[in-house]
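Novice: Hey, dropping structure-v2.txt in here, compact mmCIF, C-alpha atoms:
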```
# COMPACT_ATOMS: atom_id res chain seq x y z
CA MET Y 988 79.72 80.74 108.33
CA ILE Y 989 77.05 78.46 109.66
CA ASP Y 990 74.27 77.10 107.51
CA ALA Y 991 71.39 79.26 108.63
CA ALA Y 992 68.25 80.63 107.10
CA HIS Y 993 68.69 83.97 105.39
CA HIS Y 994 67.92 86.96 107.51
CA PRO Y 995 64.95 88.64 105.76
CA ALA Y 996 67.07 91.77 105.28
CA VAL Y 997 69.54 89.93 103.05
CA GLU Y 998 66.94 88.44 100.69
CA PRO Y 999 67.49 91.28 98.17
CA LEU Y 1000 71.21 90.30 98.14
CA ALA Y 1001 70.69 86.52 97.91
CA PHE Y 1002 71.57 86.57 94.19
CA LEU Y 1003 75.22 87.03 95.27
CA LEU Y 1004 75.41 83.98 97.55
CA GLY Y 1005 77.84 81.24 96.56
CA ARG Y 1006 81.32 80.96 95.12
CA TRP Y 1007 82.35 82.51 91.79
CA ARG Y 1008 85.52 81.94 89.79
CA GLY Y 1009 87.07 83.25 86.59
CA GLU Y 1010 89.57 85.64 85.12
CA GLY Y 1011 89.79 89.40 85.43
CA LYS Y 1012 91.60 92.24 83.71
CA GLY Y 1013 93.42 95.11 85.37
CA GLU Y 1014 94.57 98.43 83.99
CA TYR Y 1015 95.39 101.90 85.26
CA PRO Y 1016 97.03 104.99 83.78
CA THR Y 1017 100.21 104.33 85.81
CA ILE Y 1018 100.69 100.59 85.12
CA GLU Y 1019 100.83 97.96 82.38
CA PRO Y 1020 97.57 96.03 81.82
CA PHE Y 1021 97.45 92.62 83.49
CA VAL Y 1022 95.19 89.59 83.88
CA TYR Y 1023 94.43 87.56 87.00
CA GLY Y 1024 92.60 84.46 88.18
CA GLU Y 1025 89.99 85.20 90.80
CA GLU Y 1026 87.63 83.56 93.23
CA ILE Y 1027 85.09 85.32 95.40
CA GLU Y 1028 82.55 84.03 97.86
CA PHE Y 1029 79.51 85.59 99.48
CA SER Y 1030 78.13 83.68 102.47
CA HIS Y 1031 75.81 84.37 105.40
CA ASN Y 1032 75.27 83.25 108.99
CA GLY Y 1033 71.69 84.31 109.68
CA ARG Y 1034 72.60 87.87 110.67
CA PRO Y 1035 71.58 90.84 108.48
CA PHE Y 1036 74.73 90.98 106.32
CA LEU Y 1037 76.78 88.90 103.87
CA PHE Y 1038 80.39 87.88 104.48
CA TYR Y 1039 82.63 88.51 101.47
CA VAL Y 1040 86.07 87.05 100.79
CA GLN Y 1041 88.07 87.37 97.60
CA LYS Y 1042 91.45 86.27 96.29
CA THR Y 1043 93.28 86.60 92.99
CA TRP Y 1044 96.30 84.81 91.58
CA ASN Y 1045 98.79 85.00 88.75
CA PRO Y 1046 97.21 82.90 85.95
CA VAL Y 1047 100.66 81.69 84.81
CA ASP Y 1048 102.14 80.37 88.07
CA GLY Y 1049 99.14 80.44 90.44
CA TYR Y 1050 100.95 82.64 92.94
CA PRO Y 1051 98.57 84.71 95.12
CA MET Y 1052 98.12 88.35 94.13
CA HIS Y 1053 95.44 90.58 95.66
CA SER Y 1054 92.92 89.66 98.32
CA GLU Y 1055 90.19 91.47 100.19
CA THR Y 1056 87.49 90.64 102.70
CA GLY Y 1057 84.57 92.31 104.42
CA TYR Y 1058 80.83 92.58 104.76
CA LEU Y 1059 77.92 93.74 102.61
CA ARG Y 1060 75.09 95.16 104.70
CA PRO Y 1061 71.61 96.15 103.63
CA VAL Y 1062 70.73 99.35 105.48
CA ALA Y 1063 67.37 100.40 104.01
CA GLU Y 1064 65.05 99.56 101.13
CA GLY Y 1065 67.33 99.41 98.07
CA ARG Y 1066 70.35 100.72 100.00
CA VAL Y 1067 73.53 98.82 100.88
CA GLU Y 1068 76.92 99.46 102.43
CA LEU Y 1069 80.15 97.53 101.86
CA VAL Y 1070 83.06 97.57 104.32
CA LEU Y 1071 86.36 96.05 103.23
CA ALA Y 1072 89.91 95.40 104.41
CA GLN Y 1073 92.86 94.72 102.10
CA PRO Y 1074 96.32 93.35 102.94
CA SER Y 1075 97.84 96.33 101.13
CA GLY Y 1076 96.87 98.32 104.25
CA ILE Y 1077 93.68 99.81 102.82
CA THR Y 1078 90.11 99.85 104.12
CA GLU Y 1079 87.08 100.91 102.12
CA ILE Y 1080 83.61 101.99 103.19
CA LEU Y 1081 81.16 102.28 100.30
CA ALA Y 1082 77.48 103.10 100.14
CA GLY Y 1083 75.00 102.75 97.31
CA THR Y 1084 72.07 100.94 95.81
CA VAL Y 1085 70.83 97.47 95.02
CA SER Y 1086 68.36 97.26 92.15
CA GLY Y 1087 67.35 93.83 90.89
CA SER Y 1088 70.64 91.93 90.63
CA ARG Y 1089 72.85 94.99 90.28
CA ILE Y 1090 74.74 96.83 93.01
CA GLU Y 1091 76.39 100.24 92.58
CA LEU Y 1092 78.59 101.60 95.34
CA THR Y 1093 80.69 104.72 95.85
CA SER Y 1094 83.24 105.11 98.62
CA THR Y 1095 82.38 107.36 101.53
CA LEU Y 1096 85.79 106.72 103.13
CA VAL Y 1097 88.99 105.06 101.95
CA GLY Y 1098 91.39 104.43 104.83
CA VAL Y 1099 95.10 103.98 104.28
CA SER Y 1100 97.57 102.68 106.84
CA PRO Y 1101 100.71 104.68 107.62
CA THR Y 1102 102.71 102.63 105.06
CA ALA Y 1103 100.05 102.11 102.34
CA LYS Y 1104 99.75 103.69 98.91
CA GLN Y 1105 97.35 106.61 98.59
CA VAL Y 1106 93.86 105.74 97.33
CA SER Y 1107 91.29 108.53 97.50
CA ALA Y 1108 88.07 107.12 96.00
CA VAL Y 1109 86.60 103.87 94.69
CA LYS Y 1110 83.46 102.97 92.76
CA ARG Y 1111 82.29 99.36 92.55
CA MET Y 1112 79.57 97.85 90.37
CA ILE Y 1113 78.55 94.21 90.80
CA SER Y 1114 75.84 92.46 88.76
CA VAL Y 1115 74.65 88.91 88.22
CA THR Y 1116 73.12 87.62 84.99
CA GLY Y 1117 72.30 83.91 84.93
CA THR Y 1118 75.36 82.11 86.33
CA THR Y 1119 77.75 85.02 85.65
CA LEU Y 1120 78.82 87.61 88.18
CA SER Y 1121 80.36 90.69 86.59
CA TYR Y 1122 82.01 93.57 88.35
CA GLN Y 1123 83.89 96.75 87.59
CA LEU Y 1124 86.06 98.73 89.95
CA ASP Y 1125 87.03 102.34 89.27
CA MET Y 1126 89.64 103.99 91.45
CA ALA Y 1127 91.21 107.39 92.09
CA ALA Y 1128 94.71 106.80 93.42
CA VAL Y 1129 98.32 108.04 93.36
CA GLY Y 1130 97.20 111.42 91.97
CA GLN Y 1131 95.04 110.01 89.15
CA ASP Y 1132 91.37 110.87 88.60
CA LEU Y 1133 88.74 108.14 88.95
CA SER Y 1134 89.63 105.59 86.22
CA ILE Y 1135 88.70 102.01 85.44
CA HIS Y 1136 91.05 99.65 87.29
CA LEU Y 1137 89.53 96.13 87.36
CA HIS Y 1138 86.76 94.19 85.66
CA ALA Y 1139 85.89 90.51 85.51
CA ASP Y 1140 83.19 88.02 84.56
CA LEU Y 1141 83.09 85.12 87.03
CA GLU Y 1142 81.08 81.90 86.79
CA LYS Y 1143 79.22 80.36 89.70
CA VAL Y 1144 81.07 77.26 90.93
CA LEU Y 1145 79.21 76.60 94.19
CA GLY Y 1146 75.66 77.50 95.07
CA PRO Y 1147 74.50 79.19 98.26
CA MET G 1406 94.27 80.29 102.01
CA ILE G 1407 96.59 77.85 100.26
CA ASP G 1408 99.09 75.74 102.13
CA ALA G 1409 102.30 77.61 101.38
CA ALA G 1410 105.61 78.21 103.08
CA HIS G 1411 105.64 81.25 105.33
CA HIS G 1412 106.85 84.42 103.75
CA PRO G 1413 110.02 85.32 105.72
CA ALA G 1414 108.37 88.61 106.74
CA VAL G 1415 105.63 86.79 108.66
CA GLU G 1416 107.96 84.56 110.71
CA PRO G 1417 107.78 86.97 113.69
CA LEU G 1418 103.97 86.54 113.59
CA ALA G 1419 103.93 82.75 113.16
CA PHE G 1420 103.00 82.30 116.84
CA LEU G 1421 99.48 83.45 115.90
CA LEU G 1422 98.88 80.88 113.14
CA GLY G 1423 96.07 78.43 113.70
CA ARG G 1424 92.57 78.40 115.11
CA TRP G 1425 91.73 79.49 118.66
CA ARG G 1426 88.49 79.06 120.58
CA GLY G 1427 87.09 79.98 123.97
CA GLU G 1428 84.97 82.44 125.86
CA GLY G 1429 85.30 86.20 126.19
CA LYS G 1430 83.89 88.92 128.39
CA GLY G 1431 82.52 92.27 127.28
CA GLU G 1432 81.85 95.44 129.22
CA TYR G 1433 81.56 99.16 128.56
CA PRO G 1434 80.36 102.16 130.56
CA THR G 1435 77.15 102.31 128.49
CA ILE G 1436 76.12 98.62 128.52
CA GLU G 1437 75.56 95.62 130.79
CA PRO G 1438 78.51 93.17 130.99
CA PHE G 1439 78.16 90.12 128.75
CA VAL G 1440 79.96 86.89 127.80
CA TYR G 1441 80.45 85.35 124.39
CA GLY G 1442 81.83 82.26 122.69
CA GLU G 1443 84.56 83.04 120.19
CA GLU G 1444 86.67 81.52 117.48
CA ILE G 1445 89.47 83.25 115.61
CA GLU G 1446 91.83 82.03 112.94
CA PHE G 1447 95.08 83.40 111.57
CA SER G 1448 96.20 81.84 108.28
CA HIS G 1449 98.63 82.68 105.48
CA ASN G 1450 99.06 82.13 101.75
CA GLY G 1451 102.77 82.75 101.20
CA ARG G 1452 102.39 86.52 100.84
CA PRO G 1453 103.80 88.89 103.50
CA PHE G 1454 100.68 89.12 105.69
CA LEU G 1455 98.32 86.97 107.77
CA PHE G 1456 94.61 86.61 107.04
CA TYR G 1457 92.44 87.03 110.14
CA VAL G 1458 88.83 85.99 110.61
CA GLN G 1459 86.85 86.05 113.84
CA LYS G 1460 83.34 85.25 114.98
CA THR G 1461 81.53 85.26 118.31
CA TRP G 1462 78.27 83.74 119.43
CA ASN G 1463 75.79 83.77 122.28
CA PRO G 1464 77.01 81.03 124.66
CA VAL G 1465 73.40 80.16 125.60
CA ASP G 1466 71.79 79.65 122.19
CA GLY G 1467 74.80 79.68 119.84
CA TYR G 1468 73.37 82.52 117.77
CA PRO G 1469 76.04 84.56 115.94
CA MET G 1470 77.00 87.88 117.56
CA HIS G 1471 80.00 89.92 116.40
CA SER G 1472 82.40 89.11 113.59
CA GLU G 1473 85.39 90.80 112.00
CA THR G 1474 87.96 90.03 109.35
CA GLY G 1475 91.11 91.53 107.90
CA TYR G 1476 94.86 91.30 107.58
CA LEU G 1477 97.88 91.64 109.85
CA ARG G 1478 100.91 92.96 108.02
CA PRO G 1479 104.49 93.26 109.19
CA VAL G 1480 105.84 96.56 107.91
CA ALA G 1481 109.30 96.84 109.49
CA GLU G 1482 111.44 95.20 112.17
CA GLY G 1483 109.14 94.84 115.17
CA ARG G 1484 106.36 96.90 113.53
CA VAL G 1485 102.94 95.66 112.37
CA GLU G 1486 99.70 97.04 111.01
CA LEU G 1487 96.22 95.52 111.27
CA VAL G 1488 93.37 96.41 108.90
CA LEU G 1489 89.86 95.22 109.76
CA ALA G 1490 86.28 95.31 108.52
CA GLN G 1491 83.24 94.68 110.71
CA PRO G 1492 79.62 94.00 109.71
CA SER G 1493 78.53 96.82 112.01
CA GLY G 1494 79.82 99.15 109.27
CA ILE G 1495 83.16 99.88 110.89
CA THR G 1496 86.72 99.63 109.58
CA GLU G 1497 89.85 99.87 111.69
CA ILE G 1498 93.44 100.61 110.78
CA LEU G 1499 95.87 100.04 113.65
CA ALA G 1500 99.65 100.29 113.90
CA GLY G 1501 102.01 99.10 116.60
CA THR G 1502 104.62 96.65 117.72
CA VAL G 1503 105.34 92.94 117.90
CA SER G 1504 107.72 91.89 120.66
CA GLY G 1505 108.20 88.19 121.29
CA SER G 1506 104.68 86.77 121.26
CA ARG G 1507 102.92 90.01 122.16
CA ILE G 1508 101.35 92.56 119.81
CA GLU G 1509 100.22 96.03 120.84
CA LEU G 1510 98.26 98.14 118.40
CA THR G 1511 96.65 101.59 118.44
CA SER G 1512 94.20 102.82 115.82
CA THR G 1513 95.42 105.38 113.32
CA LEU G 1514 91.98 105.52 111.68
CA VAL G 1515 88.56 104.15 112.58
CA GLY G 1516 86.14 104.39 109.67
CA VAL G 1517 82.39 104.39 110.18
CA SER G 1518 79.79 103.92 107.47
CA PRO G 1519 76.98 106.46 107.08
CA THR G 1520 74.68 104.32 109.28
CA ALA G 1521 77.20 102.95 111.83
CA LYS G 1522 77.69 103.88 115.48
CA GLN G 1523 80.47 106.31 116.28
CA VAL G 1524 83.79 104.74 117.31
CA SER G 1525 86.73 107.12 117.59
CA ALA G 1526 89.69 105.02 118.79
CA VAL G 1527 90.66 101.42 119.50
CA LYS G 1528 93.61 99.75 121.22
CA ARG G 1529 94.24 96.03 120.79
CA MET G 1530 96.68 93.78 122.65
CA ILE G 1531 97.19 90.16 121.59
CA SER G 1532 99.58 87.73 123.27
CA VAL G 1533 100.23 84.00 123.18
CA THR G 1534 101.52 81.97 126.11
CA GLY G 1535 101.78 78.24 125.53
CA THR G 1536 98.53 77.17 123.86
CA THR G 1537 96.57 80.21 125.08
CA LEU G 1538 95.92 83.33 123.04
CA SER G 1539 94.80 86.28 125.17
CA TYR G 1540 93.61 89.63 123.94
CA GLN G 1541 92.22 92.85 125.26
CA LEU G 1542 90.39 95.52 123.29
CA ASP G 1543 89.94 99.06 124.58
CA MET G 1544 87.62 101.42 122.75
CA ALA G 1545 86.57 105.05 122.74
CA ALA G 1546 83.03 105.22 121.36
CA VAL G 1547 79.65 106.94 121.67
CA GLY G 1548 81.23 109.83 123.59
CA GLN G 1549 83.13 107.68 126.12
CA ASP G 1550 86.88 107.89 126.76
CA LEU G 1551 89.09 104.91 125.92
CA SER G 1552 87.81 102.08 128.19
CA ILE G 1553 88.19 98.33 128.32
CA HIS G 1554 85.55 96.67 126.14
CA LEU G 1555 86.54 93.05 125.45
CA HIS G 1556 88.98 90.46 126.76
CA ALA G 1557 89.32 86.72 126.27
CA ASP G 1558 91.61 83.74 126.74
CA LEU G 1559 91.31 81.32 123.81
CA GLU G 1560 92.83 77.86 123.47
CA LYS G 1561 94.49 76.58 120.31
CA VAL G 1562 92.23 74.04 118.58
CA LEU G 1563 94.02 73.70 115.24
CA GLY G 1564 97.69 74.20 114.47
CA PRO G 1565 99.11 76.25 111.60
```
Starting from the coordinates I provided, produce the structure as structure tokens.
Specialist:
Amino acid sequence: MIDAAHHPAVEPLAFLLGRWRGEGKGEYPTIEPFVYGEEIEFSHNGRPFLFYVQKTWNPVDGYPMHSETGYLRPVAEGRVELVLAQPSGITEILAGTVSGSRIELTSTLVGVSPTAKQVSAVKRMISVTGTTLSYQLDMAAVGQDLSIHLHADLEKVLGP
Amino acid sequence: MIDAAHHPAVEPLAFLLGRWRGEGKGEYPTIEPFVYGEEIEFSHNGRPFLFYVQKTWNPVDGYPMHSETGYLRPVAEGRVELVLAQPSGITEILAGTVSGSRIELTSTLVGVSPTAKQVSAVKRMISVTGTTLSYQLDMAAVGQDLSIHLHADLEKVLGP
């Protein structure tokens, strides 16, 4: 993304800008708990949205695990939408609120490709305190009710 | 994405790897024709998919226009899926074929956020001949039947 002035509409989301890195924990009723290294970046190009890209890796051997990418778009005072694509063949559309440095989103549509696993709903919370970005992802998938799946505390490694 | 060996599953898609740049043309029954500068990149990290990121800009003033990002995943011999997110609040899931250096995809699901414009179907063709990547995108949206919307010929500017 080019180095441009923030669009005024993204000012309420500027607390997310930059690169964040750390370790996360995964769990779900159907799997063994696991840990992962993670890096995410929020950037902007002067248009009224943020570009989001994320990757995780096995903390033992560094081999890539999950990744996802998409856009966070302010749509009204205190309201945001997040649209995501994942290499597992899943897309997410979420809508919710931004309040201070905390975002809470609930899926309005989870898309699955013809060969992807079934995911029916996702909730995402993202917050920043000081130089720490924390998030939690809850998911309803493969017949399970909405349950915690992922959470991490990431440290800022590169400013906006 | 890290510099890793190709996953064997992505070998049939290796002709896309690298960065491509050029100019495209847009049209649709509901709008005036327009031109745009464009850069796209396909990269990989050793997992069985390609990462895709695209941006366009106004060729007169360089100001960013459209962008999209996602993943291209081989799912079976000669079969691929593409999952995309767009800052306009739209997600696409497409499925289709790869034959030689030509990919043809038809949407199985187009997701729209609560505030996005209505898009009901998309077809995408991507082909590479020599150092030129050509694509065409057809779209059914805002009540119109499937019609040509975008096409471009881009030149390779950075190898895989």
Novice: Go ahead and compute the interatomic distance for atom CA of G:Gln1549 and atom CA of Y:Tyr1058, in Å to one decimal.
Specialist: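 So the answer is 26.3 Å.
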Novice: Ranking G:Thr1435, G:Ser1518, G:Gln1459, G:Thr1511 by minimum distance to chain Y and counting all atoms listed in the file, which one comes first?
Specialist: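 Going through G:Thr1435, G:Ser1518, G:Gln1459, G:Thr1511 one by one, the smallest distance to chain Y is for G:Ser1518.
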Novice: Pick from G:Thr1461, G:Ser1448, G:Thr1536, G:Ser1504: nearest to G:Leu1555, with only C-alpha atoms counted?
Specialist: G:Thr1461
Novice: Kindly provide the residues of chain Y that approach chain G to within 7 Å, each paired with its closest atom pair and their distance in Å to one decimal, based on only C-alpha atoms, listed by chain and increasing number, as a Markdown table.
Specialist:
```
| residue | atom | partner | partner_atom | distance |
| --- | --- | --- | --- | --- |
| Y:Phe1036 | CA | G:Pro1492 | CA | 6.7 |
| Y:Thr1056 | CA | G:Gly1475 | CA | 6.4 |
| Y:Gly1057 | CA | G:Ala1490 | CA | 5.4 |
| Y:Tyr1058 | CA | G:Pro1492 | CA | 5.3 |
| Y:Arg1060 | CA | G:Pro1492 | CA | 6.9 |
| Y:Val1070 | CA | G:Ala1490 | CA | 5.8 |
| Y:Leu1071 | CA | G:Ala1490 | CA | 5.3 |
| Y:Ala1072 | CA | G:Gly1475 | CA | 5.3 |
| Y:Gln1073 | CA | G:Tyr1476 | CA | 6.8 |
| Y:Pro1074 | CA | G:Tyr1476 | CA | 5.3 |
| Y:Gly1076 | CA | G:Val1488 | CA | 6.1 |
| Y:Ile1077 | CA | G:Val1488 | CA | 7.0 |
| Y:Thr1078 | CA | G:Thr1496 | CA | 6.4 |
| Y:Ile1080 | CA | G:Ser1518 | CA | 6.1 |
| Y:Leu1096 | CA | G:Gly1516 | CA | 7.0 |
| Y:Gly1098 | CA | G:Leu1514 | CA | 7.0 |
| Y:Ser1100 | CA | G:Ile1498 | CA | 6.1 |
```
Novice: Atoms to include: C-alpha atoms. Write the selected residues as a PDB file, in the frame of the given file.
Specialist:
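What landed in part-v7.pdb:
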```pdb
ATOM      1  CA  PHE Y1036      74.730  90.980 106.320  1.00  0.00           C
ATOM      2  CA  THR Y1056      87.490  90.640 102.700  1.00  0.00           C
ATOM      3  CA  GLY Y1057      84.570  92.310 104.420  1.00  0.00           C
ATOM      4  CA  TYR Y1058      80.830  92.580 104.760  1.00  0.00           C
ATOM      5  CA  ARG Y1060      75.090  95.160 104.700  1.00  0.00           C
ATOM      6  CA  VAL Y1070      83.060  97.570 104.320  1.00  0.00           C
ATOM      7  CA  LEU Y1071      86.360  96.050 103.230  1.00  0.00           C
ATOM      8  CA  ALA Y1072      89.910  95.400 104.410  1.00  0.00           C
ATOM      9  CA  GLN Y1073      92.860  94.720 102.100  1.00  0.00           C
ATOM     10  CA  PRO Y1074      96.320  93.350 102.940  1.00  0.00           C
ATOM     11  CA  GLY Y1076      96.870  98.320 104.250  1.00  0.00           C
ATOM     12  CA  ILE Y1077      93.680  99.810 102.820  1.00  0.00           C
ATOM     13  CA  THR Y1078      90.110  99.850 104.120  1.00  0.00           C
ATOM     14  CA  ILE Y1080      83.610 101.990 103.190  1.00  0.00           C
ATOM     15  CA  LEU Y1096      85.790 106.720 103.130  1.00  0.00           C
ATOM     16  CA  GLY Y1098      91.390 104.430 104.830  1.00  0.00           C
ATOM     17  CA  SER Y1100      97.570 102.680 106.840  1.00  0.00           C
TER      18      SER Y1100
END
```
Novice: Using all atoms listed in the file, which of Y:Ala1108, Y:Ala996, Y:Val1067, Y:Leu1003 sits nearest Y:Tyr1122?
Specialist: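 Once distances to Y:Tyr1122 are computed over all atoms listed in the file, the minimum belongs to Y:Leu1003.
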Novice: For the atom pair atom CA of Y:His1031 and atom CA of G:Asp1466, what is the interatomic distance in Å to one decimal place?
Specialist: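 Separation of atom CA of Y:His1031 and atom CA of G:Asp1466: 17.9 Å.
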Novice: To box stretch 1435-1447 of chain G, take all atoms listed in the file, fit an axis-aligned box, add 5 Å on each side, and give centre and edge lengths in Å to one decimal, as AutoDock Vina command-line options.
Specialist:
```
--center_x 85.3 --center_y 91.9 --center_z 121.3 --size_x 29.5 --size_y 30.8 --size_z 29.4
```
